[in-house]
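So this block is work13.cif, mmCIF, C-alpha atoms:
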```cif
data_final
#
loop_
_atom_site.label_atom_id
_atom_site.label_comp_id
_atom_site.auth_asym_id
_atom_site.auth_seq_id
_atom_site.Cartn_x
_atom_site.Cartn_y
_atom_site.Cartn_z
CA MET A 1 -16.35 62.99 91.59
CA ASP A 2 -14.46 65.35 89.33
CA ARG A 3 -15.91 64.61 85.91
CA THR A 4 -13.54 66.98 84.13
CA ALA A 5 -10.37 65.44 85.44
CA SER A 6 -7.58 64.56 83.05
CA PRO A 7 -6.52 60.92 82.76
CA SER A 8 -4.47 59.83 85.73
CA PRO A 9 -0.72 59.22 85.50
CA ALA A 10 -1.43 55.51 86.01
CA HIS A 11 -2.57 55.18 82.40
CA SER A 12 -0.23 53.16 80.22
CA ASP A 13 0.86 54.90 77.04
CA LYS A 14 -0.75 52.04 75.11
CA ARG A 15 -4.13 52.13 76.89
CA ARG A 16 -5.98 54.56 74.69
CA LEU A 17 -9.55 55.78 74.37
CA LEU A 18 -10.66 57.02 70.95
CA VAL A 19 -13.89 59.03 70.95
CA SER A 20 -15.72 60.29 67.87
CA ILE A 21 -18.83 62.26 66.94
CA HIS A 22 -20.40 60.98 63.74
CA ASP A 23 -22.58 62.73 61.15
CA VAL A 24 -21.20 66.24 61.60
CA SER A 25 -22.93 68.55 59.12
CA PRO A 26 -24.89 71.81 59.04
CA ARG A 27 -28.07 69.89 59.87
CA SER A 28 -26.61 68.48 63.11
CA GLU A 29 -24.68 71.46 64.46
CA SER A 30 -26.64 71.97 67.69
CA GLN A 31 -26.59 68.25 68.52
CA VAL A 32 -22.85 68.12 67.84
CA ASP A 33 -22.36 70.97 70.30
CA ARG A 34 -24.26 69.02 72.99
CA LEU A 35 -22.25 65.87 72.36
CA ALA A 36 -18.94 67.75 72.35
CA GLU A 37 -19.81 69.35 75.68
CA LEU A 38 -20.59 65.95 77.20
CA ILE A 39 -17.42 64.37 75.86
CA GLU A 40 -15.18 67.19 77.01
CA ARG A 41 -16.44 66.91 80.59
CA HIS A 42 -14.63 63.58 80.66
CA THR A 43 -11.77 63.86 78.19
CA GLY A 44 -10.80 67.49 78.34
CA PRO A 45 -11.06 69.88 75.39
CA ALA A 46 -10.59 68.75 71.79
CA ARG A 47 -9.59 65.18 72.62
CA PHE A 48 -11.93 63.49 70.18
CA ALA A 49 -12.64 63.22 66.46
CA MET A 50 -15.43 64.48 64.22
CA LEU A 51 -16.73 62.60 61.18
CA VAL A 52 -17.87 65.14 58.60
CA ILE A 53 -20.45 64.62 55.82
CA PRO A 54 -19.92 66.97 52.86
CA ASP A 55 -23.60 66.98 51.77
CA HIS A 56 -25.80 65.16 54.27
CA TRP A 57 -28.52 63.31 52.34
CA ARG A 58 -27.86 65.87 49.58
CA GLU A 59 -29.80 68.39 51.66
CA ALA A 60 -27.04 70.11 53.68
CA PRO A 61 -24.01 70.95 51.52
CA ILE A 62 -20.96 72.33 53.28
CA ALA A 63 -19.69 73.84 50.02
CA GLY A 64 -20.83 77.46 49.95
CA ASN A 65 -21.78 77.48 53.65
CA ALA A 66 -19.19 79.90 54.95
CA VAL A 67 -20.57 79.94 58.49
CA PHE A 68 -20.34 76.18 58.96
CA ALA A 69 -16.97 76.05 57.20
CA THR A 70 -15.68 78.54 59.76
CA ARG A 71 -16.91 76.28 62.57
CA LEU A 72 -15.16 73.28 61.04
CA ARG A 73 -11.92 75.20 60.72
CA GLY A 74 -12.23 76.40 64.31
CA TRP A 75 -12.78 72.87 65.61
CA ALA A 76 -9.77 71.62 63.67
CA ASP A 77 -7.62 74.54 64.84
CA ALA A 78 -8.55 73.62 68.43
CA GLY A 79 -7.13 70.13 67.89
CA ILE A 80 -10.17 68.03 67.00
CA GLU A 81 -9.32 65.36 64.45
CA MET A 82 -11.38 65.45 61.26
CA PHE A 83 -12.42 62.40 59.24
CA LEU A 84 -14.24 62.35 55.93
CA HIS A 85 -17.49 60.44 56.49
CA GLY A 86 -18.79 59.55 53.05
CA TRP A 87 -20.26 62.17 50.74
CA SER A 88 -24.04 62.11 51.29
CA HIS A 89 -24.34 59.32 53.92
CA ARG A 90 -27.21 57.90 51.85
CA ASP A 91 -27.16 54.54 50.08
CA GLU A 92 -28.04 55.40 46.49
CA THR A 93 -27.03 51.99 45.11
CA PRO A 94 -28.71 49.53 47.51
CA ALA A 95 -28.16 45.80 47.11
CA THR A 96 -31.18 43.53 47.49
CA GLU A 97 -29.49 40.12 47.72
CA GLY A 98 -26.57 38.39 49.39
CA LEU A 99 -24.44 39.65 52.25
CA ALA A 100 -24.48 43.24 50.99
CA GLY A 101 -28.26 43.19 50.89
CA PHE A 102 -28.40 41.83 54.45
CA LYS A 103 -26.00 44.50 55.71
CA GLY A 104 -27.85 47.28 53.95
CA LYS A 105 -31.18 46.18 55.37
CA HIS A 106 -30.25 45.23 58.92
CA MET A 107 -27.15 47.27 59.82
CA THR A 108 -28.26 50.73 58.73
CA ALA A 109 -31.36 52.73 57.80
CA GLY A 110 -30.54 53.33 54.14
CA GLU A 111 -27.23 54.98 54.96
CA GLY A 112 -24.61 52.47 53.80
CA GLU A 113 -23.41 54.82 51.07
CA PHE A 114 -20.12 53.05 50.32
CA LEU A 115 -21.33 49.45 50.63
CA ASN A 116 -22.19 48.94 46.96
CA LEU A 117 -20.49 51.75 45.05
CA PRO A 118 -18.28 50.72 42.12
CA PRO A 119 -14.62 51.68 42.49
CA SER A 120 -14.82 54.62 40.07
CA GLU A 121 -17.74 56.28 41.87
CA ALA A 122 -16.30 55.54 45.31
CA LEU A 123 -13.05 57.19 44.23
CA VAL A 124 -14.82 60.30 42.91
CA ARG A 125 -16.83 60.81 46.09
CA MET A 126 -13.89 60.11 48.35
CA ARG A 127 -11.51 62.38 46.44
CA GLU A 128 -13.98 65.27 46.16
CA GLY A 129 -14.90 64.99 49.83
CA ARG A 130 -11.28 64.92 50.91
CA ASP A 131 -10.39 67.91 48.74
CA LEU A 132 -13.38 69.91 50.00
CA LEU A 133 -12.59 69.30 53.67
CA GLU A 134 -8.86 69.86 53.34
CA ASP A 135 -9.46 73.15 51.56
CA ILE A 136 -11.72 74.27 54.41
CA LEU A 137 -9.54 72.93 57.22
CA GLY A 138 -6.17 73.97 55.86
CA ARG A 139 -4.72 70.58 56.85
CA PRO A 140 -5.04 66.92 55.83
CA VAL A 141 -7.98 64.87 57.05
CA THR A 142 -7.08 62.14 59.53
CA GLY A 143 -8.72 59.50 57.36
CA PHE A 144 -11.98 58.13 56.02
CA ILE A 145 -14.74 56.29 57.87
CA ALA A 146 -17.61 54.96 55.77
CA PRO A 147 -21.20 55.73 56.78
CA ALA A 148 -22.49 52.99 59.10
CA TRP A 149 -18.93 51.54 59.01
CA LEU A 150 -19.91 49.63 55.85
CA TYR A 151 -17.38 49.17 53.04
CA GLY A 152 -17.68 47.39 49.72
CA GLU A 153 -14.85 46.38 47.42
CA GLY A 154 -15.17 49.70 45.60
CA ALA A 155 -14.63 51.60 48.83
CA HIS A 156 -11.56 49.54 49.72
CA ALA A 157 -10.09 50.08 46.26
CA ALA A 158 -10.68 53.84 46.49
CA LEU A 159 -9.07 54.00 49.94
CA ARG A 160 -5.95 52.31 48.64
CA ALA A 161 -5.83 54.49 45.54
CA LEU A 162 -6.10 57.75 47.49
CA GLY A 163 -3.65 56.69 50.18
CA LEU A 164 -5.76 58.00 53.04
CA PRO A 165 -3.96 57.48 56.36
CA LEU A 166 -6.61 55.65 58.41
CA ALA A 167 -9.95 53.90 58.12
CA GLU A 168 -12.25 52.29 60.67
CA ASP A 169 -15.05 49.72 60.75
CA HIS A 170 -17.01 48.10 63.57
CA MET A 171 -14.12 45.90 64.68
CA LYS A 172 -10.84 47.60 63.79
CA VAL A 173 -8.83 50.62 62.68
CA TRP A 174 -6.38 50.09 59.82
CA ARG A 175 -4.01 51.79 57.41
CA PRO A 176 -5.50 51.43 53.89
CA THR A 177 -2.15 51.80 52.13
CA THR A 178 -0.64 48.75 53.84
CA GLY A 179 -3.59 46.90 55.38
CA GLU A 180 -1.92 47.11 58.78
CA VAL A 181 -4.45 46.89 61.63
CA VAL A 182 -3.58 49.39 64.36
CA ALA A 183 -6.48 48.80 66.77
CA ARG A 184 -8.86 45.89 67.32
CA GLY A 185 -12.08 45.45 69.21
CA PRO A 186 -15.73 46.50 68.87
CA VAL A 187 -16.67 50.14 68.79
CA VAL A 188 -19.16 51.08 71.50
CA THR A 189 -22.01 53.04 70.00
CA TRP A 190 -25.71 53.69 70.50
CA ALA A 191 -28.77 53.56 68.24
CA SER A 192 -31.81 55.77 68.62
CA ARG A 193 -34.09 54.87 65.72
CA SER A 194 -36.28 52.27 67.46
CA LYS A 195 -37.11 51.06 70.95
CA GLY A 196 -35.48 47.72 70.25
CA ARG A 197 -32.24 49.28 69.08
CA ILE A 198 -32.20 51.66 72.02
CA ALA A 199 -32.59 48.74 74.41
CA SER A 200 -29.91 46.63 72.74
CA SER A 201 -27.39 49.46 72.61
CA LEU A 202 -27.97 50.25 76.29
CA ALA A 203 -27.40 46.57 77.13
CA PHE A 204 -24.21 46.41 75.09
CA ALA A 205 -22.86 49.57 76.70
CA ARG A 206 -23.45 48.08 80.18
CA LEU A 207 -21.54 44.96 79.17
CA ALA A 208 -18.79 47.03 77.54
CA ARG A 209 -18.22 49.09 80.68
CA THR A 210 -17.46 45.89 82.56
CA ALA A 211 -15.62 43.77 80.03
CA LEU A 212 -13.81 45.91 77.47
CA PRO A 213 -11.48 47.96 79.72
CA LEU A 214 -10.03 44.70 81.03
CA ALA A 215 -9.65 43.13 77.60
CA LEU A 216 -8.54 45.82 75.17
CA PRO A 217 -5.61 48.25 75.05
CA THR A 218 -7.57 50.55 72.72
CA LEU A 219 -11.21 51.41 73.39
CA ARG A 220 -13.40 53.15 70.82
CA LEU A 221 -16.60 55.05 71.58
CA ALA A 222 -18.78 56.71 68.93
CA VAL A 223 -21.82 58.94 69.33
CA HIS A 224 -24.39 60.28 66.88
CA PRO A 225 -26.60 63.39 66.77
CA GLY A 226 -29.70 61.24 67.25
CA ASP A 227 -28.42 60.13 70.65
CA THR A 228 -29.28 63.56 72.01
CA THR A 229 -33.01 62.86 71.51
CA VAL A 230 -33.05 60.00 74.05
CA PRO A 231 -32.14 60.86 77.66
CA ALA A 232 -31.36 57.23 78.49
CA LEU A 233 -28.76 57.13 75.73
CA MET A 234 -27.14 60.35 76.89
CA ASP A 235 -26.96 58.97 80.42
CA SER A 236 -25.41 55.74 79.13
CA ILE A 237 -22.83 57.67 77.10
CA ASP A 238 -21.99 59.70 80.20
CA ARG A 239 -21.55 56.57 82.32
CA THR A 240 -19.48 54.81 79.67
CA LEU A 241 -17.13 57.74 79.21
CA ALA A 242 -16.72 58.02 82.99
CA ARG A 243 -15.73 54.35 83.19
CA PHE A 244 -13.45 54.31 80.17
CA VAL A 245 -11.37 57.35 81.17
CA ARG A 246 -10.56 55.68 84.48
CA SER A 247 -8.39 53.11 82.68
CA HIS A 248 -7.70 54.49 79.19
CA ALA A 249 -6.28 57.89 78.28
CA PRO A 250 -8.18 59.92 75.66
CA ALA A 251 -6.00 59.88 72.58
CA ARG A 252 -5.80 60.80 68.91
CA TYR A 253 -6.37 58.32 66.11
CA ALA A 254 -3.22 59.65 64.43
CA ALA A 255 -1.17 58.45 67.40
CA LEU A 256 -2.09 54.80 66.93
CA GLY A 257 0.93 52.53 66.61
CA SER A 258 1.32 49.11 65.09
CA SER A 259 0.75 47.41 68.45
CA GLY A 260 -2.71 49.00 69.01
#
```

Representation of the structure as structure tokens:
Amino acid sequence: MDRTASPSPAHSDKRRLLVSIHDVSPRSESQVDRLAELIERHTGPARFAMLVIPDHWREAPIAGNAVFATRLRGWADAGIEMFLHGWSHRDETPATEGLAGFKGKHMTAGEGEFLNLPPSEALVRMREGRDLLEDILGRPVTGFIAPAWLYGEGAHAALRALGLPLAEDHMKVWRPTTGEVVARGPVVTWASRSKGRIASSLAFARLARTALPLALPTLRLAVHPGDTTVPALMDSIDRTLARFVRSHAPARYAALGSSG
């Protein structure tokens, strides 16, 4: 089988596959290269998005790192879409009670940065991150995606205030300025931080390969640097991409229409 083949002419214009690499930062550069190589074997070059962290866990700042900034600009020049992905990707205001506390504990490993931020702080981080990336890239970012796909009210308010074009969570892609949902359905992703999460993500991916192409006009697939540490996850990503490109054409987030 030709694993580098472009999508076939049988694809409908509205059957799209959106692929993204999360947690792009100086500390994940080699893993990002591995993931990009795997993705491009199926989608063709530069037909995916990168989610960029300005200062990963406040240990890997992009500001002042001319070498990594050059890589980011090169990826963007090649056609890869660039999203702002938080500021530090670390939850520095964790909730301990209620729904926010449950999400912070069970849906991420201390990385729900924008789940509990007040609007003023969310706006500062979002604005400074956007300005930093756009200065490096020489073009607007495609949008904002919160770490772990977790948003609090402060994050939603900041998104509306800044007028960023697109945002995404586990179940949808939307336009923050209007609230219009432009794609629905679960994102297919993998987790590497425990045996249980590895097993559950492998099981979900198997189910997704069977069910989602038949049910959804827009498929979303997201990978993380940690996936490269588990061969079974890399194999599952490979299989899922191979299945999804048979029915859905790799596309850009910016091309999403109101009927997604």

I'd like the neighbourhood of A:Thr177 as a list in words, where a residue qualifies if any of its atoms comes within 9 Å (using all atoms listed in the file), though same-chain residues fewer than 6 positions away should be ignored. Leu159, Arg160, Ala161, Leu162, Gly163, Leu164, Pro165 and Leu166 of chain A

I'd like the residues picked by the PyMOL selection byres ((chain A and resi 64) around 12) written out as an NGL selection string, using the chain letters and numbers from the file. :A and (26 or 54-55 or 60-63 or 65-70 or 132 or 136)

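Residue nearest A:Gly143 within the list A:Phe48, A:Phe83, A:Phe114, A:Trp190: A:Phe83 [criterion: smallest interatomic distance, only C-alpha atoms].
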
Residue IDs satisfying the PyMOL selection byres ((chain A and resi 221-224) around 8), as JSON, numbers by chain: {"A": [17, 18, 19, 20, 21, 22, 23, 35, 187, 188, 189, 190, 219, 220, 225, 226, 227, 228, 237]}

Picked residues, the PyMOL selection byres ((chain A and resi 51) around 12), as a VMD selection string: chain A and resid 19 to 25 28 32 48 to 50 52 to 54 56 72 75 to 76 80 to 87 89 129 to 130 133 141 to 149 167 to 168 222 to 225

Please produce a file of those selected residues containing C-alpha atoms, as a short mmCIF file (atom, residue, chain, number, x, y, z; two decimals), in the frame of the given file.
```
data_model
loop_
_atom_site.label_atom_id
_atom_site.label_comp_id
_atom_site.auth_asym_id
_atom_site.auth_seq_id
_atom_site.Cartn_x
_atom_site.Cartn_y
_atom_site.Cartn_z
CA VAL A 19 -13.89 59.03 70.95
CA SER A 20 -15.72 60.29 67.87
CA ILE A 21 -18.83 62.26 66.94
CA HIS A 22 -20.40 60.98 63.74
CA ASP A 23 -22.58 62.73 61.15
CA VAL A 24 -21.20 66.24 61.60
CA SER A 25 -22.93 68.55 59.12
CA SER A 28 -26.61 68.48 63.11
CA VAL A 32 -22.85 68.12 67.84
CA PHE A 48 -11.93 63.49 70.18
CA ALA A 49 -12.64 63.22 66.46
CA MET A 50 -15.43 64.48 64.22
CA VAL A 52 -17.87 65.14 58.60
CA ILE A 53 -20.45 64.62 55.82
CA PRO A 54 -19.92 66.97 52.86
CA HIS A 56 -25.80 65.16 54.27
CA LEU A 72 -15.16 73.28 61.04
CA TRP A 75 -12.78 72.87 65.61
CA ALA A 76 -9.77 71.62 63.67
CA ILE A 80 -10.17 68.03 67.00
CA GLU A 81 -9.32 65.36 64.45
CA MET A 82 -11.38 65.45 61.26
CA PHE A 83 -12.42 62.40 59.24
CA LEU A 84 -14.24 62.35 55.93
CA HIS A 85 -17.49 60.44 56.49
CA GLY A 86 -18.79 59.55 53.05
CA TRP A 87 -20.26 62.17 50.74
CA HIS A 89 -24.34 59.32 53.92
CA GLY A 129 -14.90 64.99 49.83
CA ARG A 130 -11.28 64.92 50.91
CA LEU A 133 -12.59 69.30 53.67
CA VAL A 141 -7.98 64.87 57.05
CA THR A 142 -7.08 62.14 59.53
CA GLY A 143 -8.72 59.50 57.36
CA PHE A 144 -11.98 58.13 56.02
CA ILE A 145 -14.74 56.29 57.87
CA ALA A 146 -17.61 54.96 55.77
CA PRO A 147 -21.20 55.73 56.78
CA ALA A 148 -22.49 52.99 59.10
CA TRP A 149 -18.93 51.54 59.01
CA ALA A 167 -9.95 53.90 58.12
CA GLU A 168 -12.25 52.29 60.67
CA ALA A 222 -18.78 56.71 68.93
CA VAL A 223 -21.82 58.94 69.33
CA HIS A 224 -24.39 60.28 66.88
CA PRO A 225 -26.60 63.39 66.77
#
```

Please report the interatomic distance between atom CA of A:Glu40 and atom CA of A:Val181 in Å with one decimal.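 Calculated distance between atom CA of A:Glu40 and atom CA of A:Val181 is 27.6 Å.
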
Taking all atoms listed in the file into account, which of A:Arg41, A:Arg16, A:Arg71, A:Arg239 comes nearest A:Arg206? A:Arg239

Would you mind reading off the distance between atom CA of A:Thr218 and atom CA of A:Ser200, one decimal, in Å? 22.7 Å

Would you work out the distance separating atom CA of A:Ala249 from atom CA of A:Ala78, expressed in Å to one decimal?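 Going from atom CA of A:Ala249 over to atom CA of A:Ala78 covers 18.7 Å.
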
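With distances restricted to all atoms listed in the file, A:Arg47 is the closest residue to A:Arg252 from A:Arg15, A:His42, A:Arg27, A:Arg47.
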